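Participant: Below you'll find coords-v5.txt; it's compact mmCIF, C-alpha atoms.
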# COMPACT_ATOMS: atom_id res chain seq x y z
CA MET A 1 13.37 -1.65 38.58
CA ASN A 2 10.73 -2.96 36.16
CA THR A 3 9.00 -4.96 38.88
CA GLU A 4 8.49 -1.75 40.87
CA VAL A 5 7.30 0.42 37.98
CA MET A 6 4.85 -1.87 36.22
CA PRO A 7 2.61 -2.64 39.27
CA GLY A 8 2.15 1.09 39.71
CA LEU A 9 1.35 1.40 36.07
CA HIS A 10 -1.28 -1.33 36.25
CA SER A 11 -2.71 0.20 39.41
CA ALA A 12 -3.10 3.53 37.66
CA SER A 13 -4.68 1.86 34.64
CA GLN A 14 -7.41 0.39 36.83
CA GLN A 15 -8.43 3.86 38.03
CA GLU A 16 -8.69 5.67 34.71
CA ILE A 17 -10.21 5.20 31.28
CA PRO A 18 -7.57 4.55 28.60
CA THR A 19 -6.94 7.39 26.19
CA LYS A 20 -7.37 6.72 22.47
CA LYS A 21 -4.05 7.98 21.15
CA ARG A 22 -3.42 4.78 19.20
CA PHE A 23 -6.49 5.54 17.09
CA VAL A 24 -5.17 9.02 16.37
CA ILE A 25 -1.98 7.35 15.16
CA VAL A 26 -3.84 5.04 12.79
CA PHE A 27 -5.87 8.00 11.48
CA CYS A 28 -2.60 9.77 10.63
CA LEU A 29 -1.42 6.62 8.86
CA PHE A 30 -4.68 6.47 6.89
CA ILE A 31 -4.30 10.07 5.69
CA GLY A 32 -0.66 9.48 4.80
CA ILE A 33 -1.29 6.40 2.66
CA PHE A 34 -4.36 8.05 1.12
CA ILE A 35 -2.24 10.95 -0.16
CA ALA A 36 0.59 8.62 -1.18
CA TYR A 37 -1.74 6.57 -3.38
CA LEU A 38 -3.17 9.67 -5.02
CA ASP A 39 0.39 10.52 -6.05
CA ARG A 40 1.22 7.11 -7.45
CA VAL A 41 -1.99 6.32 -9.38
CA ASN A 42 -2.43 9.66 -11.17
CA VAL A 43 -0.44 8.32 -14.14
CA SER A 44 -3.09 5.62 -14.63
CA VAL A 45 -5.50 8.37 -15.68
CA LEU A 46 -2.78 10.13 -17.69
CA ALA A 47 -2.24 6.87 -19.59
CA ALA A 48 -5.70 7.34 -21.09
CA ASN A 49 -5.31 11.09 -21.76
CA ASP A 50 -4.43 11.80 -25.40
CA PRO A 51 -3.07 15.37 -24.90
CA PHE A 52 -0.58 14.10 -22.31
CA LEU A 53 0.45 11.10 -24.43
CA VAL A 54 0.94 13.26 -27.53
CA GLU A 55 2.92 15.94 -25.67
CA MET A 56 5.18 13.29 -24.13
CA GLY A 57 5.57 11.48 -27.47
CA ILE A 58 4.30 8.12 -26.23
CA LYS A 59 0.86 7.83 -27.81
CA GLY A 60 0.40 4.35 -29.26
CA ILE A 61 3.49 2.95 -27.49
CA PRO A 62 2.15 0.60 -24.75
CA VAL A 63 5.54 -0.39 -23.36
CA GLN A 64 6.51 3.23 -22.62
CA ILE A 65 3.10 3.93 -21.12
CA GLY A 66 3.57 0.95 -18.81
CA MET A 67 7.04 2.24 -17.91
CA MET A 68 5.53 5.19 -16.01
CA MET A 69 4.35 2.74 -13.36
CA SER A 70 7.17 0.25 -13.80
CA VAL A 71 10.00 2.71 -13.07
CA PHE A 72 8.11 3.95 -10.02
CA LEU A 73 7.75 0.41 -8.70
CA ALA A 74 11.39 -0.45 -9.45
CA ALA A 75 12.66 2.58 -7.51
CA TYR A 76 10.07 1.88 -4.81
CA GLY A 77 11.26 -1.69 -4.42
CA VAL A 78 14.96 -0.81 -4.25
CA ALA A 79 14.27 1.94 -1.70
CA ASN A 80 12.29 -0.49 0.47
CA VAL A 81 15.14 -2.99 0.60
CA VAL A 82 18.13 -0.63 0.74
CA LEU A 83 16.77 2.30 2.73
CA SER A 84 14.26 0.66 5.11
CA PRO A 85 16.87 0.49 7.94
CA LEU A 86 16.63 4.30 7.96
CA GLY A 87 13.51 3.86 10.06
CA ASP A 88 15.46 1.93 12.69
CA TYR A 89 18.01 4.74 13.04
CA LEU A 90 15.86 7.89 12.72
CA GLY A 91 12.60 6.37 13.94
CA PRO A 92 9.45 6.07 11.82
CA ARG A 93 8.20 9.62 12.47
CA LYS A 94 11.26 11.55 11.24
CA SER A 95 11.84 9.12 8.39
CA MET A 96 8.28 9.47 7.10
CA MET A 97 8.47 13.28 7.23
CA PHE A 98 11.67 13.15 5.18
CA CYS A 99 9.91 10.92 2.63
CA ILE A 100 7.08 13.41 2.18
CA GLY A 101 9.71 16.03 1.35
CA LEU A 102 10.88 13.80 -1.50
CA TRP A 103 7.29 13.41 -2.74
CA THR A 104 6.91 17.17 -2.90
CA VAL A 105 10.00 17.56 -5.08
CA SER A 106 8.90 14.75 -7.40
CA LEU A 107 5.43 16.23 -7.91
CA PHE A 108 6.94 19.63 -8.69
CA MET A 109 9.07 17.95 -11.37
CA GLY A 110 5.99 16.30 -12.86
CA GLY A 111 4.10 19.58 -12.91
CA ILE A 112 6.79 21.37 -14.94
CA ALA A 113 7.78 18.41 -17.14
CA SER A 114 8.13 19.10 -20.85
CA THR A 115 9.67 15.73 -21.78
CA PHE A 116 8.91 12.10 -21.05
CA THR A 117 12.39 11.77 -19.51
CA LEU A 118 11.50 14.28 -16.79
CA ILE A 119 8.24 12.44 -16.10
CA ILE A 120 10.25 9.23 -15.65
CA ALA A 121 12.72 11.01 -13.34
CA SER A 122 9.87 12.36 -11.21
CA ARG A 123 8.40 8.85 -10.94
CA VAL A 124 11.76 7.44 -9.82
CA LEU A 125 12.07 10.08 -7.07
CA LEU A 126 8.47 9.44 -5.98
CA GLY A 127 9.26 5.72 -5.83
CA ILE A 128 12.24 6.33 -3.55
CA GLY A 129 10.21 8.52 -1.18
CA GLU A 130 7.23 6.21 -0.98
CA GLY A 131 9.46 3.13 -0.83
CA VAL A 132 10.97 4.23 2.46
CA TYR A 133 7.62 5.51 3.77
CA TYR A 134 5.39 2.46 3.33
CA PRO A 135 6.99 -0.17 5.64
CA LEU A 136 7.28 2.35 8.48
CA GLN A 137 3.51 2.29 8.87
CA SER A 138 3.78 -1.33 9.94
CA VAL A 139 6.33 -0.28 12.56
CA PHE A 140 3.80 2.18 13.98
CA VAL A 141 1.10 -0.52 14.17
CA LYS A 142 3.50 -3.01 15.77
CA ASN A 143 4.56 -0.43 18.40
CA TRP A 144 1.16 1.11 19.09
CA PHE A 145 -1.38 -1.75 19.00
CA PRO A 146 -1.83 -4.90 21.08
CA LYS A 147 -1.82 -8.01 18.91
CA GLN A 148 -5.58 -8.57 19.30
CA GLU A 149 -6.30 -5.21 17.61
CA ARG A 150 -3.80 -5.29 14.78
CA GLY A 151 -6.07 -6.81 12.13
CA ARG A 152 -8.48 -3.89 12.43
CA ALA A 153 -5.67 -1.36 12.83
CA ASN A 154 -4.00 -2.58 9.64
CA ALA A 155 -7.32 -2.56 7.79
CA ALA A 156 -7.93 1.03 8.96
CA TRP A 157 -4.81 2.43 7.33
CA VAL A 158 -4.57 -0.01 4.42
CA VAL A 159 -8.09 0.94 3.34
CA GLY A 160 -6.60 4.32 2.40
CA GLN A 161 -4.94 2.52 -0.51
CA SER A 162 -8.42 1.88 -1.92
CA VAL A 163 -10.18 5.08 -0.88
CA ALA A 164 -7.57 7.17 -2.71
CA PRO A 165 -7.87 5.50 -6.15
CA ALA A 166 -11.67 5.28 -5.78
CA ILE A 167 -11.76 9.06 -5.50
CA ALA A 168 -8.77 9.69 -7.76
CA MET A 169 -10.06 8.06 -10.93
CA PRO A 170 -13.21 10.19 -11.42
CA PHE A 171 -11.64 13.24 -9.72
CA PHE A 172 -8.51 13.28 -11.88
CA ALA A 173 -10.59 12.57 -14.99
CA TYR A 174 -12.67 15.67 -14.19
CA LEU A 175 -9.63 17.75 -13.19
CA ILE A 176 -7.63 16.89 -16.31
CA ALA A 177 -10.62 17.48 -18.59
CA GLY A 178 -11.20 20.94 -17.10
CA PHE A 179 -7.71 22.19 -16.24
CA GLY A 180 -5.22 20.09 -18.19
CA TRP A 181 -2.97 17.19 -17.21
CA ARG A 182 -0.50 19.28 -15.20
CA SER A 183 -3.18 20.20 -12.67
CA ASN A 184 -3.14 16.73 -11.09
CA PHE A 185 0.52 17.18 -10.09
CA TRP A 186 -0.11 20.56 -8.45
CA VAL A 187 -3.15 19.34 -6.53
CA CYS A 188 -1.22 16.30 -5.25
CA LEU A 189 1.68 18.52 -4.19
CA VAL A 190 -0.54 20.71 -2.00
CA LEU A 191 -2.38 17.74 -0.48
CA GLY A 192 0.94 16.19 0.52
CA LEU A 193 1.43 18.88 3.15
CA ILE A 194 -1.45 17.43 5.21
CA PRO A 195 0.26 14.18 6.35
CA LEU A 196 3.46 16.17 6.95
CA TYR A 197 1.62 18.31 9.50
CA LEU A 198 -0.13 15.32 11.12
CA LEU A 199 3.11 13.40 11.61
CA TRP A 200 4.87 16.43 13.09
CA ARG A 201 2.04 17.40 15.43
CA HIS A 202 0.22 14.22 16.47
CA THR A 203 2.56 11.20 16.43
CA ALA A 204 5.45 9.66 18.35
CA ASP A 205 7.56 6.61 17.51
CA THR A 206 6.38 4.65 20.56
CA PRO A 207 3.57 5.05 23.14
CA ARG A 208 6.06 5.87 25.90
CA GLN A 209 7.34 8.83 23.87
CA HIS A 210 3.88 10.34 23.41
CA LYS A 211 3.18 13.25 25.75
CA SER A 212 -0.60 12.80 25.96
CA ILE A 213 -1.05 9.06 26.46
CA ASN A 214 -2.21 7.95 29.92
CA ALA A 215 -1.06 4.98 31.98
CA ALA A 216 -4.18 2.94 31.22
CA GLU A 217 -3.70 3.01 27.47
CA LEU A 218 0.03 2.43 27.83
CA SER A 219 -0.67 -0.65 29.95
CA LEU A 220 -3.25 -1.94 27.46
CA ILE A 221 -0.78 -1.62 24.58
CA GLU A 222 2.25 -3.08 26.34
CA ASP A 223 0.31 -5.99 27.85
CA GLY A 224 -0.76 -6.96 24.32
CA GLN A 225 2.74 -7.06 22.83
CA GLU A 226 4.43 -10.39 22.10
CA THR A 227 7.75 -9.00 23.34
CA PRO A 228 8.75 -5.87 25.24
CA GLY A 229 8.62 -2.64 23.23
CA PRO A 230 11.62 -1.38 21.28
CA LYS A 231 14.43 0.19 23.26
CA ALA A 232 16.08 3.50 22.51
CA GLU A 233 19.48 2.13 21.45
CA VAL A 234 20.30 1.38 17.84
CA ILE A 235 20.06 -2.36 17.13
CA PRO A 236 22.84 -3.80 14.92
CA LEU A 237 21.82 -4.84 11.41
CA LYS A 238 22.97 -8.43 12.01
CA THR A 239 20.61 -8.69 14.98
CA ARG A 240 17.70 -7.31 12.99
CA LEU A 241 18.34 -9.68 10.08
CA SER A 242 18.57 -12.69 12.39
CA GLY A 243 14.94 -12.07 13.38
CA PHE A 244 13.59 -13.22 10.01
CA VAL A 245 16.09 -14.27 7.30
CA GLY A 246 16.05 -17.91 8.42
CA ASN A 247 12.27 -18.07 8.77
CA TYR A 248 10.90 -19.81 5.66
CA ARG A 249 7.36 -18.77 6.60
CA TYR A 250 8.47 -15.17 6.18
CA TRP A 251 9.69 -15.94 2.66
CA LEU A 252 6.44 -17.70 1.77
CA LEU A 253 4.61 -14.56 2.86
CA VAL A 254 7.00 -12.43 0.77
CA PHE A 255 6.28 -14.60 -2.29
CA TRP A 256 2.53 -14.32 -1.72
CA TYR A 257 2.85 -10.55 -1.40
CA LEU A 258 4.87 -10.42 -4.64
CA CYS A 259 2.05 -12.18 -6.49
CA LEU A 260 -0.48 -9.77 -5.04
CA GLN A 261 1.55 -6.74 -6.15
CA CYS A 262 2.00 -8.12 -9.67
CA MET A 263 -1.73 -8.55 -10.05
CA TYR A 264 -2.62 -5.26 -8.36
CA TRP A 265 -0.24 -2.98 -10.26
CA GLY A 266 -0.82 -4.78 -13.53
CA LEU A 267 -4.55 -4.26 -13.24
CA ILE A 268 -4.74 -0.69 -12.00
CA THR A 269 -2.10 0.57 -14.44
CA TRP A 270 -3.97 -0.71 -17.46
CA LEU A 271 -7.59 -0.70 -16.31
CA PRO A 272 -8.48 2.90 -17.38
CA SER A 273 -6.87 2.38 -20.80
CA TYR A 274 -8.48 -1.07 -21.14
CA LEU A 275 -11.95 0.27 -20.36
CA LYS A 276 -11.62 3.18 -22.76
CA THR A 277 -9.79 1.51 -25.64
CA ALA A 278 -10.66 -2.20 -25.55
CA ARG A 279 -14.19 -1.93 -24.14
CA ASN A 280 -15.10 1.43 -25.76
CA PHE A 281 -16.37 3.21 -22.66
CA SER A 282 -16.53 7.01 -22.81
CA TRP A 283 -14.03 9.17 -20.90
CA GLN A 284 -16.65 9.91 -18.21
CA GLU A 285 -17.70 6.24 -17.92
CA MET A 286 -14.05 5.21 -17.71
CA GLY A 287 -13.46 7.55 -14.76
CA TRP A 288 -16.30 6.11 -12.71
CA LEU A 289 -15.82 2.46 -13.67
CA ALA A 290 -12.09 2.70 -12.95
CA SER A 291 -12.99 3.72 -9.40
CA LEU A 292 -15.24 0.68 -8.83
CA PRO A 293 -12.39 -1.72 -7.90
CA PHE A 294 -11.33 0.56 -5.10
CA VAL A 295 -14.84 1.13 -3.78
CA LEU A 296 -15.22 -2.65 -3.52
CA SER A 297 -11.72 -2.93 -2.01
CA ILE A 298 -12.72 -0.69 0.89
CA ILE A 299 -15.47 -3.11 1.85
CA PHE A 300 -13.32 -6.21 1.33
CA LYS A 301 -10.38 -4.85 3.34
CA VAL A 302 -12.50 -3.85 6.33
CA PHE A 303 -14.18 -7.26 6.29
CA SER A 304 -10.86 -9.14 6.11
CA GLY A 305 -9.30 -7.10 8.95
CA VAL A 306 -12.24 -7.80 11.26
CA LEU A 307 -12.32 -11.46 10.21
CA ALA A 308 -8.58 -11.92 10.89
CA ASP A 309 -8.99 -10.60 14.46
CA LYS A 310 -12.08 -12.75 15.00
CA VAL A 311 -10.73 -16.10 13.79
CA GLY A 312 -7.12 -15.51 14.84
CA ARG A 313 -5.76 -16.93 11.56
CA SER A 314 -4.51 -15.19 8.42
CA ALA A 315 -3.34 -17.74 5.84
CA PRO A 316 -6.80 -19.09 4.82
CA ILE A 317 -7.88 -15.52 4.06
CA LEU A 318 -4.75 -14.95 1.96
CA MET A 319 -5.39 -18.20 0.10
CA ALA A 320 -9.02 -17.38 -0.71
CA ALA A 321 -8.20 -13.80 -1.71
CA MET A 322 -5.80 -14.68 -4.54
CA PHE A 323 -7.75 -17.72 -5.70
CA PHE A 324 -10.89 -15.69 -6.36
CA ALA A 325 -8.85 -12.79 -7.77
CA GLY A 326 -7.37 -15.07 -10.41
CA ILE A 327 -10.79 -16.50 -11.30
CA CYS A 328 -12.21 -12.98 -11.76
CA VAL A 329 -9.32 -11.88 -14.00
CA TYR A 330 -9.79 -14.93 -16.22
CA PHE A 331 -13.51 -14.43 -16.78
CA GLY A 332 -13.21 -10.64 -16.88
CA ALA A 333 -10.72 -10.80 -19.76
CA SER A 334 -12.67 -13.58 -21.55
CA THR A 335 -16.26 -12.35 -21.50
CA GLU A 336 -17.73 -10.48 -24.46
CA HIS A 337 -19.99 -8.34 -22.26
CA LYS A 338 -18.20 -5.09 -21.46
CA TYR A 339 -20.09 -4.22 -18.25
CA LEU A 340 -19.63 -7.74 -16.89
CA SER A 341 -15.93 -7.47 -17.74
CA ALA A 342 -15.64 -4.17 -15.83
CA VAL A 343 -17.34 -5.65 -12.75
CA LEU A 344 -15.27 -8.86 -12.77
CA LEU A 345 -11.98 -6.96 -13.07
CA ALA A 346 -13.13 -4.67 -10.28
CA LEU A 347 -13.79 -7.74 -8.13
CA ALA A 348 -10.34 -9.10 -9.02
CA VAL A 349 -8.71 -5.98 -7.59
CA ALA A 350 -10.95 -6.12 -4.51
CA PHE A 351 -10.22 -9.78 -3.81
CA CYS A 352 -6.45 -9.48 -4.10
CA THR A 353 -6.29 -6.32 -1.99
CA MET A 354 -8.45 -7.80 0.78
CA GLY A 355 -5.38 -9.81 1.69
CA THR A 356 -3.19 -6.75 2.27
CA PRO A 357 -4.13 -5.94 5.89
CA VAL A 358 -4.13 -9.65 6.73
CA ALA A 359 -0.63 -10.08 5.29
CA TRP A 360 0.74 -7.25 7.45
CA THR A 361 -1.04 -8.67 10.50
CA LEU A 362 0.60 -12.04 9.90
CA LEU A 363 3.99 -10.37 9.44
CA GLN A 364 3.64 -8.43 12.70
CA GLY A 365 2.87 -11.69 14.49
CA ILE A 366 5.91 -13.64 13.27
CA ILE A 367 8.61 -10.91 13.28
CA PRO A 368 10.09 -9.36 16.47
CA SER A 369 9.84 -5.59 16.99
CA SER A 370 13.60 -5.14 16.63
CA SER A 371 13.43 -6.47 13.04
CA MET A 372 10.10 -4.98 11.99
CA SER A 373 11.28 -2.03 9.90
CA THR A 374 13.90 -4.04 8.03
CA ALA A 375 11.66 -7.10 7.49
CA SER A 376 8.77 -4.91 6.32
CA GLY A 377 11.02 -3.01 3.94
CA ILE A 378 12.48 -6.16 2.40
CA MET A 379 9.06 -7.76 1.99
CA ASN A 380 7.49 -4.66 0.49
CA GLY A 381 10.59 -3.84 -1.55
CA LEU A 382 11.11 -7.22 -3.14
CA ALA A 383 7.41 -7.56 -3.90
CA ASN A 384 6.98 -4.14 -5.46
CA GLY A 385 10.41 -4.10 -7.09
CA LEU A 386 9.79 -7.34 -8.95
CA ALA A 387 6.15 -6.36 -9.56
CA SER A 388 7.50 -3.35 -11.45
CA LEU A 389 7.84 -5.71 -14.40
CA ALA A 390 4.08 -6.37 -14.47
CA PRO A 391 2.80 -3.13 -16.11
CA ALA A 392 5.54 -3.20 -18.78
CA MET A 393 5.07 -6.96 -19.25
CA ILE A 394 1.36 -6.47 -19.86
CA GLY A 395 2.22 -3.72 -22.34
CA PHE A 396 4.55 -6.16 -24.11
CA PHE A 397 1.84 -8.83 -24.35
CA ILE A 398 -0.64 -6.26 -25.62
CA SER A 399 1.81 -5.29 -28.36
CA THR A 400 2.62 -8.91 -29.18
CA THR A 401 -0.92 -10.32 -29.22
CA GLY A 402 -2.62 -7.20 -30.52
CA HIS A 403 -5.28 -7.17 -27.80
CA TYR A 404 -5.56 -6.49 -24.08
CA GLY A 405 -6.82 -9.94 -23.12
CA GLY A 406 -3.43 -11.52 -23.73
CA GLY A 407 -1.83 -9.14 -21.25
CA LEU A 408 -4.43 -9.60 -18.55
CA LEU A 409 -4.58 -13.38 -18.71
CA CYS A 410 -0.92 -13.72 -17.69
CA LEU A 411 -2.00 -12.42 -14.25
CA VAL A 412 -4.10 -15.54 -13.70
CA PHE A 413 -0.90 -17.53 -13.13
CA THR A 414 0.18 -15.18 -10.34
CA GLY A 415 -3.12 -15.81 -8.58
CA ALA A 416 -2.58 -19.59 -8.77
CA ALA A 417 0.99 -19.36 -7.43
CA ALA A 418 -0.08 -17.16 -4.51
CA THR A 419 -2.87 -19.59 -3.64
CA VAL A 420 -0.34 -22.42 -3.31
CA ALA A 421 2.01 -20.36 -1.10
CA ALA A 422 -0.81 -19.32 1.24
CA GLY A 423 -2.06 -22.90 1.29
CA ILE A 424 1.23 -24.09 2.80
CA LEU A 425 0.90 -21.52 5.59
CA ALA A 426 -2.76 -22.44 6.10
CA LEU A 427 -1.81 -26.11 6.61
CA GLN A 428 0.49 -24.93 9.41
CA LYS A 429 -2.42 -23.18 11.16
CA TYR A 430 -1.27 -19.60 10.52
Take the structure in this file and express it as structure tokens.

Facilitator:
Amino acid sequence: MNTEVMPGLHSASQQEIPTKKRFVIVFCLFIGIFIAYLDRVNVSVLAANDPFLVEMGIKGIPVQIGMMMSVFLAAYGVANVVLSPLGDYLGPRKSMMFCIGLWTVSLFMGGIASTFTLIIASRVLLGIGEGVYYPLQSVFVKNWFPKQERGRANAAWVVGQSVAPAIAMPFFAYLIAGFGWRSNFWVCLVLGLIPLYLLWRHTADTPRQHKSINAAELSLIEDGQETPGPKAEVIPLKTRLSGFVGNYRYWLLVFWYLCLQCMYWGLITWLPSYLKTARNFSWQEMGWLASLPFVLSIIFKVFSGVLADKVGRSAPILMAAMFFAGICVYFGASTEHKYLSAVLLALAVAFCTMGTPVAWTLLQGIIPSSSMSTASGIMNGLANGLASLAPAMIGFFISTTGHYGGGLLCLVFTGAAATVAAGILALQKY
């Protein structure tokens, strides 16, 4: 049957211009991750807001401040590992819509919270929702893009992770100063309805399920896949696991991604507080300087996505990203000049995040479609779950050493370890 259908499909594709539905899909993914990151980083600004800290009873307690991000990441990591197969059963579209429903409930809880316990509970629920959501974006890219376009496609949605905090830091600083700390929860709740609408109205799990795609674009996508597209039947868990658990290259990539997440969440959780408290920037200066890492990350991510498609290799980019990130953290924490410190720490965030789209591109190249949701969830879940220790660990070192530098310098070791892991993959020409 296939030999009769596909020639007709190719014949049709030669007579028409391909539609651009795959780019609509990646736009929806960009908006979704943009909103998701607004929701998860708003506590970074709250960590520097005295009225919030006093009302929650955590002012001057660094470990509890770090817990706001740590419990989110712990729940996020567990949800990635345990609940990621949900995407294989319901499909990415329905699963992601369900996740946004969980976000909405969590933000409502944060908006009405009168105790620190309720804030923690809202962060746990947000972590569960976003933990299931995140790896499903990689499933969309795997299903909808030929392999020669995936570096740019991944960069296009991953850049939302940087655009959101770049806007969020000064925006939430302004919003909280004018309307109080609860306002950031209500604004995030309303914005979360946007990706819910886009997923419902403009996406489909696979190109063949989309009503508006034409034969030319369908042919372009399917010709660029390593293996035939996913079938409708449910694939047994054992089959999905067999696609990656024995692949040591997969586990090297997971370790690299863990190091990235430790550095990323450690830095962005404490950066606003570090700038305001340790470097004595004003509240307004803190808001703008805290956005600088993410402005730079946008540029770095786009560059790395294009570069990965151009050179056809990922590991050297991953290696360079974490090497230079570690160097920037070291000198950023050591220098006595506060503006130089702010710029170097901003570059550290930008360097480590430039590897994100490249890491997902490498994963999509080494894992079969039938295992993509599960493999993505385990990689993202283990990395973020274990990285949940980083914000609280930095808080512990701050308390122990009496200054922020001691907390930040421990991240230099994660950069070195990631460089070694990526170096092994680079030697194997990945």

Participant: Just checking: using only C-alpha atoms, which residue out of A:Tyr404, A:Asn214, A:Leu260, A:Gly131 ends up closest to Tyr274 of chain A?

Facilitator: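 Looking only at the distances to Tyr274 of chain A, the closest residue turns out to be A:Tyr404.
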
Participant: Need to verify the contact set: Ala164 of chain A, 9 Å, all atoms listed in the file, exclusion of same-chain residues closer than 2 positions in sequence. Can you return it as a ChimeraX atom specification?

Facilitator: /A:33-38,41,159-162,166-169,294

Participant: List every protein, DNA or RNA residue with an atom no more than 12 Å from (0.9, -6.7, 24.3) in the file's coordinates, counting only C-alpha atoms, and format the result as a PyMOL selection string.

Facilitator: chain A and resi 141-150+217-229+365+369

Participant: Can you find the residues with an atom no farther than 9 Å from (13.8, 5.6, -13.7), counting all atoms listed in the file, and report them as a list in words?

Facilitator: Met67, Met68, Ser70, Val71, Phe72, Ala74, Ala75, Thr117, Ile120, Ala121, Ser122, Arg123, Val124 and Leu125 of chain A

Participant: What's around Asn49 of chain A at 9 Å? Count all atoms listed in the file, leave out sequence neighbours fewer than 6 positions away in its own chain, and write the answer as a ChimeraX atom specification.

Facilitator: /A:173,176-177,181,273,283

Participant: When you draw a straight line from atom CA of Leu289 of chain A to atom CA of Gly178 of chain A, how long is it in Å?

Facilitator: 19.4 Å

Participant: Which distance in Å separates atom CA of Arg93 of chain A and atom CA of Val254 of chain A, to one decimal?

Facilitator: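 Between atom CA of Arg93 of chain A and atom CA of Val254 of chain A the gap is 25.0 Å.
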
Participant: Could you pull the residues within 12 Å of segment 344-346 of chain A, counting only C-alpha atoms, minus those fewer than 3 positions along the same chain, as a short mmCIF file (atom, residue, chain, number, x, y, z; two decimals) with C-alpha atoms, keeping the file's coordinate frame?

Facilitator:
data_model
loop_
_atom_site.label_atom_id
_atom_site.label_comp_id
_atom_site.auth_asym_id
_atom_site.auth_seq_id
_atom_site.Cartn_x
_atom_site.Cartn_y
_atom_site.Cartn_z
CA SER A 162 -8.42 1.88 -1.92
CA ALA A 166 -11.67 5.28 -5.78
CA MET A 263 -1.73 -8.55 -10.05
CA TYR A 264 -2.62 -5.26 -8.36
CA GLY A 266 -0.82 -4.78 -13.53
CA LEU A 267 -4.55 -4.26 -13.24
CA ILE A 268 -4.74 -0.69 -12.00
CA TRP A 270 -3.97 -0.71 -17.46
CA LEU A 271 -7.59 -0.70 -16.31
CA PRO A 272 -8.48 2.90 -17.38
CA TYR A 274 -8.48 -1.07 -21.14
CA LEU A 275 -11.95 0.27 -20.36
CA TRP A 288 -16.30 6.11 -12.71
CA LEU A 289 -15.82 2.46 -13.67
CA ALA A 290 -12.09 2.70 -12.95
CA SER A 291 -12.99 3.72 -9.40
CA LEU A 292 -15.24 0.68 -8.83
CA PRO A 293 -12.39 -1.72 -7.90
CA PHE A 294 -11.33 0.56 -5.10
CA VAL A 295 -14.84 1.13 -3.78
CA LEU A 296 -15.22 -2.65 -3.52
CA SER A 297 -11.72 -2.93 -2.01
CA ILE A 298 -12.72 -0.69 0.89
CA PHE A 300 -13.32 -6.21 1.33
CA PHE A 324 -10.89 -15.69 -6.36
CA ALA A 325 -8.85 -12.79 -7.77
CA GLY A 326 -7.37 -15.07 -10.41
CA ILE A 327 -10.79 -16.50 -11.30
CA CYS A 328 -12.21 -12.98 -11.76
CA VAL A 329 -9.32 -11.88 -14.00
CA TYR A 330 -9.79 -14.93 -16.22
CA PHE A 331 -13.51 -14.43 -16.78
CA GLY A 332 -13.21 -10.64 -16.88
CA ALA A 333 -10.72 -10.80 -19.76
CA SER A 334 -12.67 -13.58 -21.55
CA THR A 335 -16.26 -12.35 -21.50
CA HIS A 337 -19.99 -8.34 -22.26
CA LYS A 338 -18.20 -5.09 -21.46
CA TYR A 339 -20.09 -4.22 -18.25
CA LEU A 340 -19.63 -7.74 -16.89
CA SER A 341 -15.93 -7.47 -17.74
CA VAL A 349 -8.71 -5.98 -7.59
CA ALA A 350 -10.95 -6.12 -4.51
CA PHE A 351 -10.22 -9.78 -3.81
CA CYS A 352 -6.45 -9.48 -4.10
CA THR A 353 -6.29 -6.32 -1.99
CA GLY A 405 -6.82 -9.94 -23.12
CA LEU A 408 -4.43 -9.60 -18.55
CA LEU A 409 -4.58 -13.38 -18.71
CA LEU A 411 -2.00 -12.42 -14.25
CA VAL A 412 -4.10 -15.54 -13.70
#

Participant: Do a neighbour search on Ala390 of chain A at 7 Å with all atoms listed in the file, toss out local chain neighbours closer than 4 positions, and write the hits as number ranges by chain.

Facilitator: A: 262, 265-266, 394

Participant: Could I get the residues of segment 160-216 of chain A with an atom no further than 12 Å from an atom of segment 137-140 of chain A, each paired with its nearest atom pair and that distance in Å to one decimal, using all atoms listed in the file, sorted by chain and residue number, as a Markdown table?

Facilitator:
| residue | atom | partner | partner_atom | distance |
| --- | --- | --- | --- | --- |
| A:Leu199 | CA | A:Gln137 | CA | 11.4 |
| A:Thr203 | CA | A:Phe140 | CA | 9.4 |
| A:Ala204 | CA | A:Phe140 | CA | 8.8 |
| A:Asp205 | CA | A:Phe140 | CA | 6.8 |
| A:Thr206 | CA | A:Phe140 | CA | 7.5 |
| A:Pro207 | CA | A:Phe140 | CA | 9.6 |

Participant: Using all atoms listed in the file, which of the listed residues (A:Val132, A:Leu29, A:Leu46, A:Ile299) sits closest to Gly377 of chain A?

Facilitator: A:Val132
